[in-house]
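One file, input_12.cif, carrying mmCIF, C-alpha atoms and all ligand atoms:
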```
data_protein
#
loop_
_atom_site.label_atom_id
_atom_site.label_comp_id
_atom_site.auth_asym_id
_atom_site.auth_seq_id
_atom_site.Cartn_x
_atom_site.Cartn_y
_atom_site.Cartn_z
CA MET A 1 112.13 106.17 87.57
CA SER A 2 108.57 105.11 88.08
CA ARG A 3 107.00 104.83 91.45
CA ALA A 4 104.52 102.24 92.65
CA GLU A 5 101.21 104.00 92.61
CA GLY A 6 97.55 103.48 93.23
CA ARG A 7 97.90 100.66 95.72
CA PRO A 8 96.23 101.36 99.04
CA GLU A 9 98.74 100.61 101.77
CA SER A 10 96.06 99.56 104.20
CA ALA A 11 95.66 96.31 102.30
CA GLN A 12 99.33 95.29 102.42
CA MET A 13 99.93 92.45 104.82
CA LEU A 14 103.28 91.21 106.11
CA GLN A 15 104.13 87.86 107.60
CA PHE A 16 106.36 87.51 110.61
CA SER A 17 107.43 84.45 112.55
CA CYS A 18 107.32 84.64 116.34
CA PRO A 19 110.81 84.32 117.89
CA HIS A 20 109.27 82.60 120.92
CA CYS A 21 107.04 79.94 119.37
CA ASP A 22 107.50 80.11 115.56
CA GLN A 23 103.86 80.99 115.01
CA ILE A 24 103.29 82.82 111.72
CA LEU A 25 101.78 86.22 112.34
CA CYS A 26 100.03 88.21 109.68
CA VAL A 27 100.08 91.93 110.35
CA PRO A 28 99.08 95.03 108.39
CA GLU A 29 102.13 96.81 106.98
CA ALA A 30 101.11 99.86 109.00
CA HIS A 31 102.24 97.98 112.11
CA LEU A 32 105.81 97.72 110.85
CA GLY A 33 108.27 98.85 113.51
CA LYS A 34 105.75 98.55 116.30
CA ARG A 35 105.79 96.32 119.35
CA GLY A 36 103.12 93.85 120.16
CA ARG A 37 102.46 90.36 121.34
CA CYS A 38 102.34 87.04 119.54
CA ASN A 39 98.80 85.75 118.88
CA LYS A 40 99.71 82.28 120.02
CA CYS A 41 102.15 82.46 122.92
CA GLY A 42 101.70 86.08 124.02
CA GLY A 43 105.46 86.67 123.86
CA ARG A 44 106.49 90.27 123.35
CA ILE A 45 107.83 90.99 119.91
CA ALA A 46 108.91 93.91 117.75
CA LEU A 47 107.95 93.93 114.10
CA ILE A 48 111.27 94.99 112.66
CA GLY A 49 111.35 94.19 108.98
CA ARG A 50 111.01 95.38 105.43
CA ALA A 51 107.91 96.97 103.92
CA GLY A 52 106.64 95.20 100.83
CA ALA A 53 108.39 91.91 101.64
CA THR A 54 106.52 88.87 100.40
CA GLY A 55 108.24 86.16 102.45
CA ILE A 56 108.13 85.43 106.16
CA GLN A 57 110.35 87.68 108.24
CA ALA A 58 111.60 86.92 111.72
CA ALA A 59 110.18 89.24 114.36
CA SER A 60 112.53 90.39 117.13
CA ALA A 61 112.03 89.29 120.70
CA VAL A 62 111.45 92.15 123.10
CA ALA A 63 112.78 91.81 126.61
CA ASP A 64 111.28 93.95 129.25
CA GLY A 65 111.37 93.59 133.00
CA LEU A 66 107.85 92.18 133.28
CA GLU A 67 108.40 89.22 130.99
CA ALA A 68 108.04 85.97 132.89
CA GLY A 69 105.01 84.23 134.31
CA ASN A 70 101.48 85.53 134.47
CA ASP A 71 102.44 88.88 135.88
CA GLY A 72 100.77 91.63 133.99
CA GLN A 73 98.12 89.28 132.64
CA ASP A 74 95.58 90.39 135.24
CA SER A 75 94.54 93.40 133.23
CA VAL A 76 94.11 91.39 130.03
CA GLN A 77 90.49 91.05 129.03
CA PRO A 78 89.27 87.98 127.17
CA ALA A 79 88.00 88.37 123.61
CA THR A 80 84.31 89.16 123.44
CA GLU A 81 81.78 86.68 122.10
CA LYS A 82 81.14 89.07 119.24
CA GLN A 83 84.82 89.13 118.28
CA LEU A 84 85.02 85.34 118.37
CA GLU A 85 81.85 85.08 116.33
CA PHE A 86 83.26 87.45 113.74
CA LEU A 87 86.57 85.59 113.59
CA ARG A 88 84.73 82.32 113.03
CA SER A 89 82.76 83.90 110.22
CA LEU A 90 86.07 84.99 108.67
CA GLY A 91 87.21 81.37 108.78
CA ALA A 92 89.56 81.43 111.78
CA PRO A 93 90.27 77.87 112.99
CA ALA A 94 89.14 77.01 116.53
CA HIS A 95 92.68 76.60 117.90
CA MET A 96 93.38 80.18 116.94
CA LEU A 97 90.53 81.38 119.15
CA ASN A 98 91.59 79.56 122.30
CA GLY A 99 92.62 81.92 125.07
CA LEU A 100 92.51 84.91 122.77
CA ASP A 101 92.45 88.26 124.54
CA ARG A 102 90.58 91.33 123.33
CA GLU A 103 93.56 93.17 121.91
CA ARG A 104 94.88 90.20 119.98
CA ALA A 105 91.39 89.37 118.73
CA SER A 106 91.03 92.83 117.26
CA THR A 107 94.46 92.60 115.56
CA LEU A 108 93.49 89.26 114.13
CA ILE A 109 90.16 90.59 112.89
CA ASP A 110 91.91 93.46 111.07
CA CYS A 111 94.38 91.06 109.61
CA MET A 112 91.87 88.54 108.31
CA LYS A 113 89.46 91.18 107.11
CA ASN A 114 92.15 92.96 105.10
CA GLN A 115 93.39 89.71 103.64
CA ARG A 116 89.94 88.74 102.58
CA LEU A 117 89.13 92.15 101.16
CA ALA A 118 92.40 92.21 99.22
CA ALA A 119 91.55 88.89 97.61
CA GLU A 120 87.94 89.52 96.66
CA PRO A 121 86.79 91.53 93.65
CA PRO A 122 84.89 94.75 94.35
CA THR A 123 81.12 94.41 94.59
CA GLU A 124 78.68 95.93 92.08
CA LYS A 125 77.43 98.11 94.89
CA GLN A 126 80.89 99.48 95.63
CA LEU A 127 81.51 100.22 91.95
CA ALA A 128 78.14 101.91 91.58
CA TYR A 129 78.83 104.00 94.67
CA ILE A 130 82.29 104.96 93.43
CA THR A 131 80.80 106.08 90.12
CA ARG A 132 78.17 108.13 91.91
CA LEU A 133 80.90 109.79 93.98
CA GLY A 134 82.45 111.00 90.75
CA ALA A 135 85.51 108.80 90.21
CA SER A 136 87.20 108.96 86.83
CA GLU A 137 87.16 105.97 84.49
CA GLY A 138 90.87 105.46 85.06
CA GLN A 139 90.33 105.26 88.81
CA LEU A 140 87.48 102.81 88.37
CA ARG A 141 89.60 100.59 86.15
CA ARG A 142 92.35 100.39 88.77
CA VAL A 143 89.98 99.05 91.43
CA ARG A 144 90.54 95.32 91.48
CA SER A 145 89.59 94.28 95.00
CA LYS A 146 87.17 95.13 97.78
CA ALA A 147 90.03 96.63 99.75
CA GLU A 148 91.01 98.92 96.88
CA ALA A 149 87.37 99.90 96.44
CA SER A 150 87.08 100.84 100.13
CA ALA A 151 90.28 102.87 99.95
CA LEU A 152 89.00 104.76 96.91
CA ILE A 153 85.63 105.39 98.55
CA GLU A 154 87.47 106.80 101.54
CA ASP A 155 89.50 109.07 99.26
CA LEU A 156 86.33 110.20 97.53
CA HIS A 157 84.92 111.29 100.86
CA LEU A 158 87.97 113.22 102.03
CA SER A 159 88.65 116.79 101.00
CA PRO A 160 91.76 117.47 98.93
CA THR A 161 94.86 117.89 101.11
CA ALA A 162 96.89 121.10 101.35
CA GLU A 163 99.72 119.21 99.66
CA GLN A 164 97.52 118.33 96.71
CA MET A 165 96.31 121.94 96.37
CA GLU A 166 99.92 123.14 96.44
CA ARG A 167 100.84 120.67 93.71
CA LEU A 168 97.84 121.76 91.63
CA HIS A 169 98.91 125.39 91.91
CA GLN A 170 102.38 124.42 90.72
CA LEU A 171 100.86 122.58 87.78
CA GLY A 172 98.93 125.70 86.87
CA ALA A 173 95.40 124.57 87.65
CA THR A 174 92.85 127.32 87.06
CA GLY A 175 90.61 128.73 89.76
CA ALA A 176 87.60 127.21 88.05
CA GLN A 177 89.23 123.77 88.10
CA LEU A 178 90.06 124.09 91.79
CA ALA A 179 86.60 125.35 92.67
CA VAL A 180 84.89 122.15 91.57
CA LEU A 181 87.27 119.84 93.43
CA LYS A 182 85.36 118.05 96.14
CA HIS A 183 87.65 115.26 97.31
CA LYS A 184 91.15 113.75 97.40
CA ALA A 185 90.49 111.38 94.53
CA GLY A 186 89.28 114.24 92.35
CA ALA A 187 92.44 116.20 93.15
CA ASN A 188 94.52 113.15 92.22
CA ALA A 189 92.73 112.79 88.92
CA LEU A 190 93.33 116.47 88.10
CA ILE A 191 97.01 116.19 89.10
CA GLU A 192 97.26 113.17 86.84
CA ALA A 193 95.64 115.03 83.94
CA LEU A 194 97.77 118.16 84.35
CA SER A 195 101.01 116.18 84.67
CA LYS A 196 100.62 114.66 81.21
ZN ZN B 201 104.72 83.24 119.85
#
```
Would you write out, as structure tokens, the structure that this file holds?
Amino acid sequence: MSRAEGRPESAQMLQFSCPHCDQILCVPEAHLGKRGRCNKCGGRIALIGRAGATGIQAASAVADGLEAGNDGQDSVQPATEKQLEFLRSLGAPAHMLNGLDRERASTLIDCMKNQRLAAEPPTEKQLAYITRLGASEGQLRRVRSKAEASALIEDLHLSPTAEQMERLHQLGATGAQLAVLKHKAGANALIEALSK
């Protein structure tokens, strides 16, 4: 059985509909299972759903004692001018920015940024940087978006994990091979090569 590989999870976005107001919410898959509030109506919701789903899933309403009215809103800080400016530059429509608080603005920024990065091809600069960091040709070829490029750059900066080293030992990597490993992506490439 083959596994899905090479796709950075950070770029996966899921769509949920708000049980209070039917607003469509776009959230990073990493938020799956978490509680939060609807961008539009502020209703409390839980993001119970399936990872990797492409359609719109219904979020669950969360009831807690503090629900009704403006109670609990006192501590909410309005979105900063900088956040609003950034959201506008990402193409957020004006109605989306009305009454936005700081927390929701930052969720929305993550969401729109990831969506945009997942849709755009990597820049020349990113590719040049990735090459300089020592990525293999195979890794370079798999980079199809800005988001994937950022994920790979991150990997190229991180040291190999203990799990990767363990796997490399099992695959019989030599001491010399392990000594030159500088980052996670390099460890992955070696694992790939030794698994063949
Ligand atoms: Zn709502």
Inset, instruction - Give as a list in words the residues surrounding ligand ZN 201 (chain B) up to a distance of 12 Å, considering all atoms listed in the file. - result: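 Within the 12 Å cut-off, the matching residues are Phe16, Ser17, Cys18, Pro19, His20, Cys21, Asp22, Gln23, Ile24, Leu25, Gly36, Arg37, Cys38, Asn39, Lys40, Cys41, Gly42, Gly43, Arg44, Ile45, Ala46, Ala58, Ala59, Ser60, Ala61 and Val62 of chain A.
Counting all atoms listed in the file, the residue from A:Ala51, A:Ala176, A:Ala193, A:Val76 that sits nearest to Glu103 of chain A is A:Val76.
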Legend entry - Long-range neighbours of segment 121-126 of chain A as number ranges by chain, 12 Å cut-off, only C-alpha atoms, 3 positions minimum in chain: A: 116-118, 129-133, 135, 140-154
For the residues in the current selection, export C-alpha atoms as a short mmCIF file (atom, residue, chain, number, x, y, z; two decimals), in the frame of the given file.
```
data_model
loop_
_atom_site.label_atom_id
_atom_site.label_comp_id
_atom_site.auth_asym_id
_atom_site.auth_seq_id
_atom_site.Cartn_x
_atom_site.Cartn_y
_atom_site.Cartn_z
CA ARG A 116 89.94 88.74 102.58
CA LEU A 117 89.13 92.15 101.16
CA ALA A 118 92.40 92.21 99.22
CA TYR A 129 78.83 104.00 94.67
CA ILE A 130 82.29 104.96 93.43
CA THR A 131 80.80 106.08 90.12
CA ARG A 132 78.17 108.13 91.91
CA LEU A 133 80.90 109.79 93.98
CA ALA A 135 85.51 108.80 90.21
CA LEU A 140 87.48 102.81 88.37
CA ARG A 141 89.60 100.59 86.15
CA ARG A 142 92.35 100.39 88.77
CA VAL A 143 89.98 99.05 91.43
CA ARG A 144 90.54 95.32 91.48
CA SER A 145 89.59 94.28 95.00
CA LYS A 146 87.17 95.13 97.78
CA ALA A 147 90.03 96.63 99.75
CA GLU A 148 91.01 98.92 96.88
CA ALA A 149 87.37 99.90 96.44
CA SER A 150 87.08 100.84 100.13
CA ALA A 151 90.28 102.87 99.95
CA LEU A 152 89.00 104.76 96.91
CA ILE A 153 85.63 105.39 98.55
CA GLU A 154 87.47 106.80 101.54
#
```
Inset, instruction - Do a neighbour search on Thr80 of chain A at 12 Å with only C-alpha atoms, toss out local chain neighbours closer than 5 positions, and write the hits as a list in words. - result: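 Listed by chain and then number, they are Glu85, Phe86, Leu87, Leu97, Gly99, Leu100, Asp101, Arg102, Glu103, Arg104, Ala105 and Ser106 of chain A.
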Inset, instruction - Between atom CA of Leu84 of chain A and atom CA of Asp110 of chain A, measure the distance and give it in Å to one decimal. - result: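 Interatomic distance, atom CA of Leu84 of chain A to atom CA of Asp110 of chain A: 12.9 Å.
The space separating atom CA of Gly91 of chain A from atom CA of Ala30 of chain A comes to 23.1 Å.
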Inset, instruction - Considering only C-alpha atoms, return as a list in words whatever protein or nucleic-acid residues lie within 9 Å of Gln57 of chain A, sequence-local ones (same chain, fewer than 6 positions apart) excluded. - result: Leu14, Gln15, Phe16, Ser17, Leu47, Ile48, Gly49 and Arg50 of chain A
Inset, instruction - Give me, please, the distance in Å between atom CA of Ala185 of chain A and atom CA of His31 of chain A, quoted to one decimal. - result: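 Value for the atom CA of Ala185 of chain A-atom CA of His31 of chain A distance: 25.0 Å.
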Inset, instruction - Pick out the closest residue to Glu192 of chain A from this set: A:Ala173, A:Ala79, A:Cys111, A:Val180. Count only C-alpha atoms. - result: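 That would be A:Ala173, the residue with the smallest distance to Glu192 of chain A.
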Would you kindly return, as a PDB file with C-alpha atoms, keeping the file's coordinate frame, each protein, DNA or RNA residue with an atom no farther than 10 Å from any atom of Gln115 of chain A, considering only C-alpha atoms and excluding same-chain residues fewer than 4 positions away?
```
ATOM      1  CA  ALA A  11      95.660  96.310 102.300  1.00  0.00           C
ATOM      2  CA  GLN A  12      99.330  95.290 102.420  1.00  0.00           C
ATOM      3  CA  MET A  13      99.930  92.450 104.820  1.00  0.00           C
ATOM      4  CA  CYS A  26     100.030  88.210 109.680  1.00  0.00           C
ATOM      5  CA  VAL A  27     100.080  91.930 110.350  1.00  0.00           C
ATOM      6  CA  PRO A  28      99.080  95.030 108.390  1.00  0.00           C
ATOM      7  CA  ILE A 109      90.160  90.590 112.890  1.00  0.00           C
ATOM      8  CA  ASP A 110      91.910  93.460 111.070  1.00  0.00           C
ATOM      9  CA  CYS A 111      94.380  91.060 109.610  1.00  0.00           C
ATOM     10  CA  ALA A 119      91.550  88.890  97.610  1.00  0.00           C
ATOM     11  CA  GLU A 120      87.940  89.520  96.660  1.00  0.00           C
ATOM     12  CA  ALA A 147      90.030  96.630  99.750  1.00  0.00           C
TER      13      ALA A 147
END
```
